[in-house]
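First the structure, in the form of structure tokens, and then the observations on it.
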Amino acid sequence: MQSQVSPLVVVVSAFLGKIIFEKAGILSFSRIVIEKEVGHWYAFSSRWGQGRLVINENSIEGISSSIHTGLSCLKEKEKDNGVLISLADLPYLGCETIDYLIKKFLEKRAGILVPVFNGVTGHPVIVDTNRFEADIGKIKGDVGLRVLIKKYPAMVKRIPWKDDSVIWDIDEPGDLEGLL
């Protein structure tokens, strides 16, 4: 939320959406306030900034459904400089990294930009939606943008990264314990 990403769209499952709306006290540390409903998304503010919250009723269909849901909140003009897509469970991914990758994307005008740590492709992924919107619309299942990365290797700019902040995520309780 403290990066250059604008507008910030946060896509959550119906389960998490229910918690946000019905049990906001659980998230009191964030001081999240749902300000108003705009079509199928909600404007919100928090201690870190503002954004759009959209609930993915089809999250069971995988990451692709979250990508489609998030993109549906954007006006065409908002997609013009590319779209940054990232997972929410990357605790060491900071705004400096995000801003650096945005800068590189805009300098290189890559079709797709990805950070790479020790040969592993990480997040965030930044994609030129003007070039790939039709392809993104066809993605299904729990694959994210990997399909595009494999289909268009010449259009991918890989940025070597210095640490595992772009790949280290929290998938199970042991990962969270390691973080603490």
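Ordered as shown in the structure tokens, chains take letters A, B, and onward, while each chain numbers its residues from 1 and ligands are numbered from 1 in the order shown.
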Spatial neighbours of region 75-88 of chain A, max dist 8 Å, only C-alpha atoms, sep filter under 3 positions, as a JSON list (two decimals) with N, CA and C atoms, in the first residue's frame:
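Full text of around07.json as output:
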```json
[["chain", "number", "residue", "atom", "x", "y", "z"],
["A", 5, "VAL", "N", 1.92, 1.51, -6.64],
["A", 5, "VAL", "CA", 0.79, 0.84, -7.24],
["A", 5, "VAL", "C", -0.47, 1.69, -7.05],
["A", 7, "PRO", "N", -4.40, 2.17, -9.12],
["A", 7, "PRO", "CA", -5.05, 1.89, -7.85],
["A", 7, "PRO", "C", -4.65, 0.51, -7.34],
["A", 67, "ILE", "N", -7.32, -13.19, -10.50],
["A", 67, "ILE", "CA", -6.78, -12.25, -11.49],
["A", 67, "ILE", "C", -7.92, -11.63, -12.29],
["A", 72, "SER", "N", -11.32, -6.88, -13.28],
["A", 72, "SER", "CA", -12.66, -6.36, -13.55],
["A", 72, "SER", "C", -12.94, -5.06, -12.80],
["A", 91, "PRO", "N", 5.62, -12.08, 3.00],
["A", 91, "PRO", "CA", 5.86, -11.13, 4.09],
["A", 91, "PRO", "C", 7.08, -10.25, 3.93],
["A", 106, "LEU", "N", 8.66, -0.10, -16.66],
["A", 106, "LEU", "CA", 8.40, 1.09, -17.47],
["A", 106, "LEU", "C", 9.60, 1.45, -18.34],
["A", 123, "HIS", "N", 7.40, -13.07, -7.41],
["A", 123, "HIS", "CA", 6.38, -12.03, -7.49],
["A", 123, "HIS", "C", 6.97, -10.72, -7.00],
["A", 124, "PRO", "N", 6.42, -9.64, -7.46],
["A", 124, "PRO", "CA", 5.25, -9.50, -8.31],
["A", 124, "PRO", "C", 5.57, -9.75, -9.78],
["A", 125, "VAL", "N", 4.53, -10.06, -10.52],
["A", 125, "VAL", "CA", 4.60, -10.17, -11.97],
["A", 125, "VAL", "C", 3.94, -8.90, -12.51],
["A", 126, "ILE", "N", 4.59, -8.26, -13.46],
["A", 126, "ILE", "CA", 4.01, -7.07, -14.08],
["A", 126, "ILE", "C", 3.79, -7.38, -15.55],
["A", 127, "VAL", "N", 2.59, -7.13, -16.02],
["A", 127, "VAL", "CA", 2.23, -7.51, -17.38],
["A", 127, "VAL", "C", 1.62, -6.33, -18.13],
["A", 128, "ASP", "N", 1.96, -6.24, -19.39],
["A", 128, "ASP", "CA", 1.39, -5.23, -20.28],
["A", 128, "ASP", "C", 0.03, -5.74, -20.73],
["A", 129, "THR", "N", -1.02, -5.24, -20.10],
["A", 129, "THR", "CA", -2.36, -5.74, -20.41],
["A", 129, "THR", "C", -2.80, -5.39, -21.81],
["A", 130, "ASN", "N", -2.26, -4.32, -22.38],
["A", 130, "ASN", "CA", -2.62, -3.99, -23.77],
["A", 130, "ASN", "C", -2.21, -5.11, -24.72]]
```
request  = Run DSSP on the backbone and give me the residues of region 6-179 of chain A it puts in strand (DSSP E or B), as a VMD selection string.
outcome  = chain A and resid 9 to 13 33 to 38 41 to 46 49 to 56 83 to 85 112 to 117 120 to 121 125 to 127 156 to 160
Mind writing the picked residues with N, CA and C atoms as a CSV table (one decimal), in the first residue's frame?
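See part_10.csv below for the written result:
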```csv
chain,number,residue,atom,x,y,z
A,9,VAL,N,-5.7,-2.9,-5.9
A,9,VAL,CA,-6.9,-3.7,-5.8
A,9,VAL,C,-6.5,-5.0,-5.0
A,10,VAL,N,-7.3,-5.2,-3.9
A,10,VAL,CA,-7.1,-6.4,-3.1
A,10,VAL,C,-8.2,-7.3,-3.3
A,11,VAL,N,-7.9,-8.5,-3.8
A,11,VAL,CA,-8.9,-9.6,-4.0
A,11,VAL,C,-8.9,-10.6,-2.9
A,12,VAL,N,-10.0,-10.8,-2.3
A,12,VAL,CA,-10.1,-11.8,-1.2
A,12,VAL,C,-11.2,-12.8,-1.5
A,13,SER,N,-11.1,-13.9,-0.9
A,13,SER,CA,-12.1,-15.0,-1.0
A,13,SER,C,-13.4,-14.5,-0.3
A,33,VAL,N,-11.3,0.4,7.1
A,33,VAL,CA,-12.6,1.0,7.0
A,33,VAL,C,-13.1,0.8,5.6
A,34,ILE,N,-14.3,0.2,5.5
A,34,ILE,CA,-14.9,0.1,4.2
A,34,ILE,C,-15.7,1.4,4.0
A,35,GLU,N,-15.3,2.1,3.0
A,35,GLU,CA,-15.9,3.4,2.8
A,35,GLU,C,-17.2,3.5,2.0
A,36,LYS,N,-17.2,2.8,0.8
A,36,LYS,CA,-18.4,2.8,0.0
A,36,LYS,C,-18.3,1.7,-1.0
A,37,GLU,N,-19.5,1.2,-1.4
A,37,GLU,CA,-19.5,0.2,-2.5
A,37,GLU,C,-19.6,0.9,-3.8
A,38,VAL,N,-18.7,0.5,-4.8
A,38,VAL,CA,-18.7,1.1,-6.1
A,38,VAL,C,-18.9,-0.1,-7.1
A,41,TRP,N,-17.1,-3.6,-6.3
A,41,TRP,CA,-16.0,-3.6,-5.4
A,41,TRP,C,-16.3,-2.5,-4.3
A,42,TYR,N,-15.4,-2.4,-3.3
A,42,TYR,CA,-15.6,-1.5,-2.2
A,42,TYR,C,-14.3,-0.6,-2.1
A,43,ALA,N,-14.5,0.7,-1.9
A,43,ALA,CA,-13.4,1.5,-1.6
A,43,ALA,C,-13.1,1.3,-0.1
A,44,PHE,N,-11.8,1.2,0.2
A,44,PHE,CA,-11.4,1.1,1.6
A,44,PHE,C,-10.2,2.0,2.0
A,45,SER,N,-10.1,2.2,3.3
A,45,SER,CA,-8.9,2.8,3.8
A,45,SER,C,-8.4,2.0,4.9
A,46,SER,N,-7.1,2.2,5.2
A,46,SER,CA,-6.5,1.5,6.4
A,46,SER,C,-5.4,2.3,6.9
A,49,GLY,N,-3.0,3.0,3.9
A,49,GLY,CA,-3.4,3.7,2.7
A,49,GLY,C,-4.8,3.3,2.2
A,50,GLN,N,-5.1,3.5,1.0
A,50,GLN,CA,-6.4,3.3,0.4
A,50,GLN,C,-6.3,2.2,-0.7
A,51,GLY,N,-7.5,1.7,-1.1
A,51,GLY,CA,-7.5,0.8,-2.2
A,51,GLY,C,-8.9,0.4,-2.5
A,52,ARG,N,-9.0,-0.7,-3.3
A,52,ARG,CA,-10.2,-1.3,-3.7
A,52,ARG,C,-10.3,-2.7,-3.2
A,53,LEU,N,-11.3,-3.1,-2.6
A,53,LEU,CA,-11.5,-4.4,-2.1
A,53,LEU,C,-12.6,-5.1,-3.0
A,54,VAL,N,-12.2,-6.3,-3.5
A,54,VAL,CA,-13.2,-7.0,-4.3
A,54,VAL,C,-13.2,-8.4,-3.8
A,55,ILE,N,-14.4,-9.0,-3.7
A,55,ILE,CA,-14.6,-10.4,-3.2
A,55,ILE,C,-14.7,-11.3,-4.4
A,56,ASN,N,-13.8,-12.3,-4.4
A,56,ASN,CA,-13.9,-13.3,-5.4
A,56,ASN,C,-14.7,-14.5,-5.0
A,83,VAL,N,-0.2,-3.9,-15.4
A,83,VAL,CA,-0.8,-4.4,-14.2
A,83,VAL,C,0.2,-5.2,-13.4
A,84,LEU,N,0.3,-4.9,-12.1
A,84,LEU,CA,1.2,-5.7,-11.2
A,84,LEU,C,0.3,-6.6,-10.5
A,85,ILE,N,0.7,-7.9,-10.5
A,85,ILE,CA,-0.1,-8.9,-9.8
A,85,ILE,C,0.9,-9.6,-8.8
A,112,ILE,N,6.2,-8.8,-20.2
A,112,ILE,CA,6.0,-9.4,-18.8
A,112,ILE,C,7.3,-9.2,-18.1
A,113,LEU,N,7.3,-8.7,-16.9
A,113,LEU,CA,8.5,-8.6,-16.1
A,113,LEU,C,8.3,-9.4,-14.8
A,114,VAL,N,9.3,-10.2,-14.5
A,114,VAL,CA,9.3,-11.1,-13.3
A,114,VAL,C,10.6,-11.0,-12.6
A,115,PRO,N,10.6,-11.0,-11.2
A,115,PRO,CA,11.9,-11.1,-10.5
A,115,PRO,C,12.2,-12.6,-10.4
A,116,VAL,N,13.5,-12.9,-10.4
A,116,VAL,CA,14.0,-14.3,-10.3
A,116,VAL,C,15.0,-14.4,-9.2
A,117,PHE,N,14.8,-15.3,-8.3
A,117,PHE,CA,15.8,-15.5,-7.2
A,117,PHE,C,16.3,-17.0,-7.3
A,120,VAL,N,14.4,-19.3,-9.6
A,120,VAL,CA,12.9,-19.4,-9.3
A,120,VAL,C,12.2,-18.1,-9.6
A,121,THR,N,11.2,-18.2,-10.4
A,121,THR,CA,10.4,-17.0,-10.8
A,121,THR,C,9.6,-16.6,-9.6
A,125,VAL,N,4.5,-10.1,-10.5
A,125,VAL,CA,4.6,-10.2,-12.0
A,125,VAL,C,3.9,-8.9,-12.5
A,126,ILE,N,4.6,-8.3,-13.5
A,126,ILE,CA,4.0,-7.1,-14.1
A,126,ILE,C,3.8,-7.4,-15.5
A,127,VAL,N,2.6,-7.1,-16.0
A,127,VAL,CA,2.2,-7.5,-17.4
A,127,VAL,C,1.6,-6.3,-18.1
A,156,VAL,N,9.3,-11.9,-22.0
A,156,VAL,CA,9.5,-11.9,-20.6
A,156,VAL,C,10.9,-11.3,-20.3
A,157,LYS,N,10.9,-10.3,-19.4
A,157,LYS,CA,12.1,-9.7,-18.9
A,157,LYS,C,12.3,-10.2,-17.5
A,158,ARG,N,13.4,-11.0,-17.3
A,158,ARG,CA,13.6,-11.6,-16.0
A,158,ARG,C,14.6,-10.6,-15.2
A,159,ILE,N,14.3,-10.2,-14.0
A,159,ILE,CA,15.1,-9.4,-13.2
A,159,ILE,C,15.8,-10.2,-12.1
A,160,PRO,N,17.1,-10.4,-12.2
A,160,PRO,CA,17.7,-11.2,-11.1
A,160,PRO,C,17.5,-10.5,-9.8
```
task = Mind giving me the straight-line distance from CA of Asn118 (chain A) to CA of Asp169 (chain A) in Å, one decimal?
result = 15.3 Å
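Across the model, the gap from CA of Trp48 (chain A) to CA of Ser6 (chain A) is 13.5 Å.
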As a PDB file with N, CA and C atoms, in the first residue's frame, list the residues of chain A assigned to alpha helix (DSSP H) by DSSP on the backbone atoms of this structure.
```
ATOM      1  N   ALA A  14     -14.493 -15.227  -0.605  1.00  0.00           N
ATOM      2  CA  ALA A  14     -15.763 -14.926   0.054  1.00  0.00           C
ATOM      3  C   ALA A  14     -15.639 -15.141   1.563  1.00  0.00           C
ATOM      4  N   PHE A  15     -14.876 -16.146   1.966  1.00  0.00           N
ATOM      5  CA  PHE A  15     -14.675 -16.434   3.390  1.00  0.00           C
ATOM      6  C   PHE A  15     -13.991 -15.250   4.081  1.00  0.00           C
ATOM      7  N   LEU A  16     -12.905 -14.753   3.504  1.00  0.00           N
ATOM      8  CA  LEU A  16     -12.211 -13.614   4.100  1.00  0.00           C
ATOM      9  C   LEU A  16     -13.057 -12.345   4.010  1.00  0.00           C
ATOM     10  N   GLY A  17     -13.789 -12.182   2.921  1.00  0.00           N
ATOM     11  CA  GLY A  17     -14.688 -11.039   2.793  1.00  0.00           C
ATOM     12  C   GLY A  17     -15.708 -11.006   3.913  1.00  0.00           C
ATOM     13  N   LYS A  18     -16.239 -12.161   4.244  1.00  0.00           N
ATOM     14  CA  LYS A  18     -17.221 -12.253   5.339  1.00  0.00           C
ATOM     15  C   LYS A  18     -16.588 -11.828   6.655  1.00  0.00           C
ATOM     16  N   ILE A  19     -15.362 -12.256   6.901  1.00  0.00           N
ATOM     17  CA  ILE A  19     -14.661 -11.848   8.130  1.00  0.00           C
ATOM     18  C   ILE A  19     -14.462 -10.338   8.151  1.00  0.00           C
ATOM     19  N   ILE A  20     -14.037  -9.776   7.031  1.00  0.00           N
ATOM     20  CA  ILE A  20     -13.791  -8.330   6.961  1.00  0.00           C
ATOM     21  C   ILE A  20     -15.065  -7.554   7.277  1.00  0.00           C
ATOM     22  N   PHE A  21     -16.196  -8.002   6.752  1.00  0.00           N
ATOM     23  CA  PHE A  21     -17.443  -7.264   6.945  1.00  0.00           C
ATOM     24  C   PHE A  21     -18.142  -7.572   8.262  1.00  0.00           C
ATOM     25  N   GLU A  22     -18.025  -8.798   8.754  1.00  0.00           N
ATOM     26  CA  GLU A  22     -18.769  -9.174   9.948  1.00  0.00           C
ATOM     27  C   GLU A  22     -17.948  -9.159  11.227  1.00  0.00           C
ATOM     28  N   ILE A  63      -6.175 -19.250  -8.707  1.00  0.00           N
ATOM     29  CA  ILE A  63      -5.593 -17.917  -8.832  1.00  0.00           C
ATOM     30  C   ILE A  63      -6.130 -17.177 -10.056  1.00  0.00           C
ATOM     31  N   SER A  64      -6.369 -17.892 -11.137  1.00  0.00           N
ATOM     32  CA  SER A  64      -6.852 -17.216 -12.347  1.00  0.00           C
ATOM     33  C   SER A  64      -8.146 -16.464 -12.087  1.00  0.00           C
ATOM     34  N   SER A  65      -9.025 -17.020 -11.267  1.00  0.00           N
ATOM     35  CA  SER A  65     -10.285 -16.329 -10.987  1.00  0.00           C
ATOM     36  C   SER A  65     -10.044 -15.054 -10.187  1.00  0.00           C
ATOM     37  N   SER A  66      -9.032 -15.049  -9.341  1.00  0.00           N
ATOM     38  CA  SER A  66      -8.692 -13.827  -8.602  1.00  0.00           C
ATOM     39  C   SER A  66      -8.117 -12.769  -9.543  1.00  0.00           C
ATOM     40  N   ILE A  67      -7.320 -13.195 -10.500  1.00  0.00           N
ATOM     41  CA  ILE A  67      -6.779 -12.254 -11.491  1.00  0.00           C
ATOM     42  C   ILE A  67      -7.922 -11.628 -12.290  1.00  0.00           C
ATOM     43  N   HIS A  68      -8.852 -12.450 -12.763  1.00  0.00           N
ATOM     44  CA  HIS A  68      -9.990 -11.940 -13.534  1.00  0.00           C
ATOM     45  C   HIS A  68     -10.840 -10.985 -12.687  1.00  0.00           C
ATOM     46  N   THR A  69     -11.068 -11.356 -11.435  1.00  0.00           N
ATOM     47  CA  THR A  69     -11.874 -10.527 -10.538  1.00  0.00           C
ATOM     48  C   THR A  69     -11.192  -9.189 -10.287  1.00  0.00           C
ATOM     49  N   GLY A  70      -9.889  -9.214 -10.034  1.00  0.00           N
ATOM     50  CA  GLY A  70      -9.157  -7.974  -9.809  1.00  0.00           C
ATOM     51  C   GLY A  70      -9.146  -7.067 -11.014  1.00  0.00           C
ATOM     52  N   LEU A  71      -8.913  -7.638 -12.189  1.00  0.00           N
ATOM     53  CA  LEU A  71      -8.892  -6.840 -13.415  1.00  0.00           C
ATOM     54  C   LEU A  71     -10.253  -6.227 -13.714  1.00  0.00           C
ATOM     55  N   GLU A  76     -10.228   0.772 -18.330  1.00  0.00           N
ATOM     56  CA  GLU A  76      -9.236   0.527 -19.382  1.00  0.00           C
ATOM     57  C   GLU A  76      -8.027   1.451 -19.222  1.00  0.00           C
ATOM     58  N   LYS A  77      -8.266   2.699 -18.923  1.00  0.00           N
ATOM     59  CA  LYS A  77      -7.184   3.675 -18.758  1.00  0.00           C
ATOM     60  C   LYS A  77      -6.236   3.281 -17.619  1.00  0.00           C
ATOM     61  N   GLU A  78      -6.775   2.661 -16.575  1.00  0.00           N
ATOM     62  CA  GLU A  78      -5.960   2.261 -15.427  1.00  0.00           C
ATOM     63  C   GLU A  78      -5.041   1.084 -15.762  1.00  0.00           C
ATOM     64  N   LYS A  79      -5.319   0.381 -16.825  1.00  0.00           N
ATOM     65  CA  LYS A  79      -4.503  -0.762 -17.234  1.00  0.00           C
ATOM     66  C   LYS A  79      -3.391  -0.364 -18.207  1.00  0.00           C
ATOM     67  N   CYS A  95       7.771  -2.369  -0.321  1.00  0.00           N
ATOM     68  CA  CYS A  95       7.412  -1.360  -1.327  1.00  0.00           C
ATOM     69  C   CYS A  95       8.627  -0.920  -2.142  1.00  0.00           C
ATOM     70  N   GLU A  96       9.830  -0.975  -1.570  1.00  0.00           N
ATOM     71  CA  GLU A  96      11.022  -0.607  -2.342  1.00  0.00           C
ATOM     72  C   GLU A  96      11.232  -1.572  -3.502  1.00  0.00           C
ATOM     73  N   THR A  97      11.026  -2.848  -3.247  1.00  0.00           N
ATOM     74  CA  THR A  97      11.153  -3.865  -4.294  1.00  0.00           C
ATOM     75  C   THR A  97      10.088  -3.652  -5.363  1.00  0.00           C
ATOM     76  N   ILE A  98       8.865  -3.459  -4.934  1.00  0.00           N
ATOM     77  CA  ILE A  98       7.762  -3.248  -5.867  1.00  0.00           C
ATOM     78  C   ILE A  98       8.037  -2.024  -6.738  1.00  0.00           C
ATOM     79  N   ASP A  99       8.435  -0.929  -6.115  1.00  0.00           N
ATOM     80  CA  ASP A  99       8.698   0.302  -6.870  1.00  0.00           C
ATOM     81  C   ASP A  99       9.864   0.136  -7.836  1.00  0.00           C
ATOM     82  N   TYR A 100      10.898  -0.591  -7.430  1.00  0.00           N
ATOM     83  CA  TYR A 100      12.040  -0.843  -8.312  1.00  0.00           C
ATOM     84  C   TYR A 100      11.592  -1.639  -9.541  1.00  0.00           C
ATOM     85  N   LEU A 101      10.786  -2.663  -9.327  1.00  0.00           N
ATOM     86  CA  LEU A 101      10.319  -3.492 -10.441  1.00  0.00           C
ATOM     87  C   LEU A 101       9.381  -2.714 -11.365  1.00  0.00           C
ATOM     88  N   ILE A 102       8.563  -1.845 -10.804  1.00  0.00           N
ATOM     89  CA  ILE A 102       7.712  -0.987 -11.638  1.00  0.00           C
ATOM     90  C   ILE A 102       8.592  -0.095 -12.509  1.00  0.00           C
ATOM     91  N   LYS A 103       9.614   0.484 -11.913  1.00  0.00           N
ATOM     92  CA  LYS A 103      10.532   1.354 -12.666  1.00  0.00           C
ATOM     93  C   LYS A 103      11.178   0.578 -13.816  1.00  0.00           C
ATOM     94  N   LYS A 104      11.652  -0.626 -13.548  1.00  0.00           N
ATOM     95  CA  LYS A 104      12.286  -1.446 -14.584  1.00  0.00           C
ATOM     96  C   LYS A 104      11.287  -1.814 -15.679  1.00  0.00           C
ATOM     97  N   PHE A 105      10.064  -2.118 -15.297  1.00  0.00           N
ATOM     98  CA  PHE A 105       9.035  -2.456 -16.284  1.00  0.00           C
ATOM     99  C   PHE A 105       8.798  -1.278 -17.228  1.00  0.00           C
ATOM    100  N   LEU A 106       8.664  -0.103 -16.661  1.00  0.00           N
ATOM    101  CA  LEU A 106       8.399   1.085 -17.473  1.00  0.00           C
ATOM    102  C   LEU A 106       9.601   1.453 -18.341  1.00  0.00           C
ATOM    103  N   GLU A 107      10.810   1.231 -17.834  1.00  0.00           N
ATOM    104  CA  GLU A 107      12.027   1.507 -18.629  1.00  0.00           C
ATOM    105  C   GLU A 107      12.159   0.529 -19.789  1.00  0.00           C
ATOM    106  N   LYS A 108      11.954  -0.733 -19.514  1.00  0.00           N
ATOM    107  CA  LYS A 108      12.186  -1.790 -20.500  1.00  0.00           C
ATOM    108  C   LYS A 108      11.003  -1.994 -21.434  1.00  0.00           C
ATOM    109  N   THR A 129      -1.017  -5.243 -20.103  1.00  0.00           N
ATOM    110  CA  THR A 129      -2.360  -5.741 -20.407  1.00  0.00           C
ATOM    111  C   THR A 129      -2.802  -5.391 -21.814  1.00  0.00           C
ATOM    112  N   ASN A 130      -2.258  -4.323 -22.385  1.00  0.00           N
ATOM    113  CA  ASN A 130      -2.624  -3.994 -23.767  1.00  0.00           C
ATOM    114  C   ASN A 130      -2.213  -5.114 -24.720  1.00  0.00           C
ATOM    115  N   ARG A 131      -1.104  -5.783 -24.432  1.00  0.00           N
ATOM    116  CA  ARG A 131      -0.629  -6.882 -25.286  1.00  0.00           C
ATOM    117  C   ARG A 131      -1.280  -8.219 -24.959  1.00  0.00           C
ATOM    118  N   PHE A 132      -1.615  -8.427 -23.683  1.00  0.00           N
ATOM    119  CA  PHE A 132      -1.981  -9.771 -23.244  1.00  0.00           C
ATOM    120  C   PHE A 132      -3.383  -9.919 -22.669  1.00  0.00           C
ATOM    121  N   GLU A 133      -4.223  -8.898 -22.781  1.00  0.00           N
ATOM    122  CA  GLU A 133      -5.543  -8.979 -22.146  1.00  0.00           C
ATOM    123  C   GLU A 133      -6.355 -10.165 -22.643  1.00  0.00           C
ATOM    124  N   ALA A 134      -6.340 -10.435 -23.930  1.00  0.00           N
ATOM    125  CA  ALA A 134      -7.097 -11.576 -24.467  1.00  0.00           C
ATOM    126  C   ALA A 134      -6.572 -12.891 -23.902  1.00  0.00           C
ATOM    127  N   ASP A 135      -5.244 -13.022 -23.832  1.00  0.00           N
ATOM    128  CA  ASP A 135      -4.646 -14.248 -23.268  1.00  0.00           C
ATOM    129  C   ASP A 135      -4.982 -14.396 -21.791  1.00  0.00           C
ATOM    130  N   ILE A 136      -4.929 -13.297 -21.061  1.00  0.00           N
ATOM    131  CA  ILE A 136      -5.246 -13.345 -19.628  1.00  0.00           C
ATOM    132  C   ILE A 136      -6.690 -13.795 -19.444  1.00  0.00           C
ATOM    133  N   GLY A 137      -7.579 -13.305 -20.282  1.00  0.00           N
ATOM    134  CA  GLY A 137      -8.987 -13.684 -20.191  1.00  0.00           C
ATOM    135  C   GLY A 137      -9.242 -15.171 -20.384  1.00  0.00           C
ATOM    136  N   LYS A 138      -8.327 -15.865 -21.032  1.00  0.00           N
ATOM    137  CA  LYS A 138      -8.488 -17.299 -21.296  1.00  0.00           C
ATOM    138  C   LYS A 138      -7.875 -18.189 -20.215  1.00  0.00           C
ATOM    139  N   ARG A 146       1.718 -17.906 -15.141  1.00  0.00           N
ATOM    140  CA  ARG A 146       2.745 -18.836 -15.625  1.00  0.00           C
ATOM    141  C   ARG A 146       2.510 -19.249 -17.071  1.00  0.00           C
ATOM    142  N   VAL A 147       1.237 -19.360 -17.435  1.00  0.00           N
ATOM    143  CA  VAL A 147       0.883 -19.753 -18.800  1.00  0.00           C
ATOM    144  C   VAL A 147       1.470 -18.759 -19.801  1.00  0.00           C
ATOM    145  N   LEU A 148       1.339 -17.473 -19.518  1.00  0.00           N
ATOM    146  CA  LEU A 148       1.869 -16.451 -20.427  1.00  0.00           C
ATOM    147  C   LEU A 148       3.391 -16.467 -20.446  1.00  0.00           C
ATOM    148  N   ILE A 149       3.992 -16.673 -19.302  1.00  0.00           N
ATOM    149  CA  ILE A 149       5.458 -16.707 -19.205  1.00  0.00           C
ATOM    150  C   ILE A 149       6.007 -17.844 -20.066  1.00  0.00           C
ATOM    151  N   LYS A 150       5.340 -18.987 -20.048  1.00  0.00           N
ATOM    152  CA  LYS A 150       5.773 -20.126 -20.857  1.00  0.00           C
ATOM    153  C   LYS A 150       5.446 -19.933 -22.343  1.00  0.00           C
ATOM    154  N   LYS A 151       4.307 -19.329 -22.630  1.00  0.00           N
ATOM    155  CA  LYS A 151       3.864 -19.166 -24.010  1.00  0.00           C
ATOM    156  C   LYS A 151       4.663 -18.103 -24.761  1.00  0.00           C
ATOM    157  N   PRO A 173       1.126 -23.515   8.488  1.00  0.00           N
ATOM    158  CA  PRO A 173       1.448 -22.964   9.813  1.00  0.00           C
ATOM    159  C   PRO A 173       2.947 -22.929  10.141  1.00  0.00           C
ATOM    160  N   GLY A 174       3.697 -23.918   9.687  1.00  0.00           N
ATOM    161  CA  GLY A 174       5.136 -23.930   9.937  1.00  0.00           C
ATOM    162  C   GLY A 174       5.844 -22.730   9.324  1.00  0.00           C
ATOM    163  N   ASP A 175       5.367 -22.288   8.167  1.00  0.00           N
ATOM    164  CA  ASP A 175       5.942 -21.104   7.524  1.00  0.00           C
ATOM    165  C   ASP A 175       5.717 -19.866   8.386  1.00  0.00           C
ATOM    166  N   LEU A 176       4.543 -19.768   8.967  1.00  0.00           N
ATOM    167  CA  LEU A 176       4.221 -18.625   9.814  1.00  0.00           C
ATOM    168  C   LEU A 176       5.062 -18.659  11.090  1.00  0.00           C
ATOM    169  N   GLU A 177       5.257 -19.834  11.638  1.00  0.00           N
ATOM    170  CA  GLU A 177       6.101 -19.958  12.824  1.00  0.00           C
ATOM    171  C   GLU A 177       7.529 -19.546  12.510  1.00  0.00           C
ATOM    172  N   GLY A 178       8.015 -19.900  11.326  1.00  0.00           N
ATOM    173  CA  GLY A 178       9.350 -19.499  10.907  1.00  0.00           C
ATOM    174  C   GLY A 178       9.465 -17.987  10.790  1.00  0.00           C
ATOM    175  N   LEU A 179       8.400 -17.336  10.380  1.00  0.00           N
ATOM    176  CA  LEU A 179       8.384 -15.885  10.268  1.00  0.00           C
ATOM    177  C   LEU A 179       8.510 -15.227  11.627  1.00  0.00           C
TER     178      LEU A 179
END
```
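CA of Leu93 (chain A) to CA of Val166 (chain A) spans 6.0 Å [interatomic distance, one decimal].
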Residue nearest Ile60 (chain A) - candidates A:His40, A:Lys140, A:Arg109, A:Lys162, atoms counted: only C-alpha atoms = A:Lys140
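If you measure from each of A:Leu180, A:Ile167, A:Met1, A:Leu145 to Gly62 (chain A) using only C-alpha atoms, the closest one turns out to be A:Leu145.
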task = Using only C-alpha atoms, pick whichever of A:Arg47, A:Gly119, A:Ala110, A:Ile32 has the shortest atom-to-atom distance to Asp164 (chain A).
result = A:Gly119
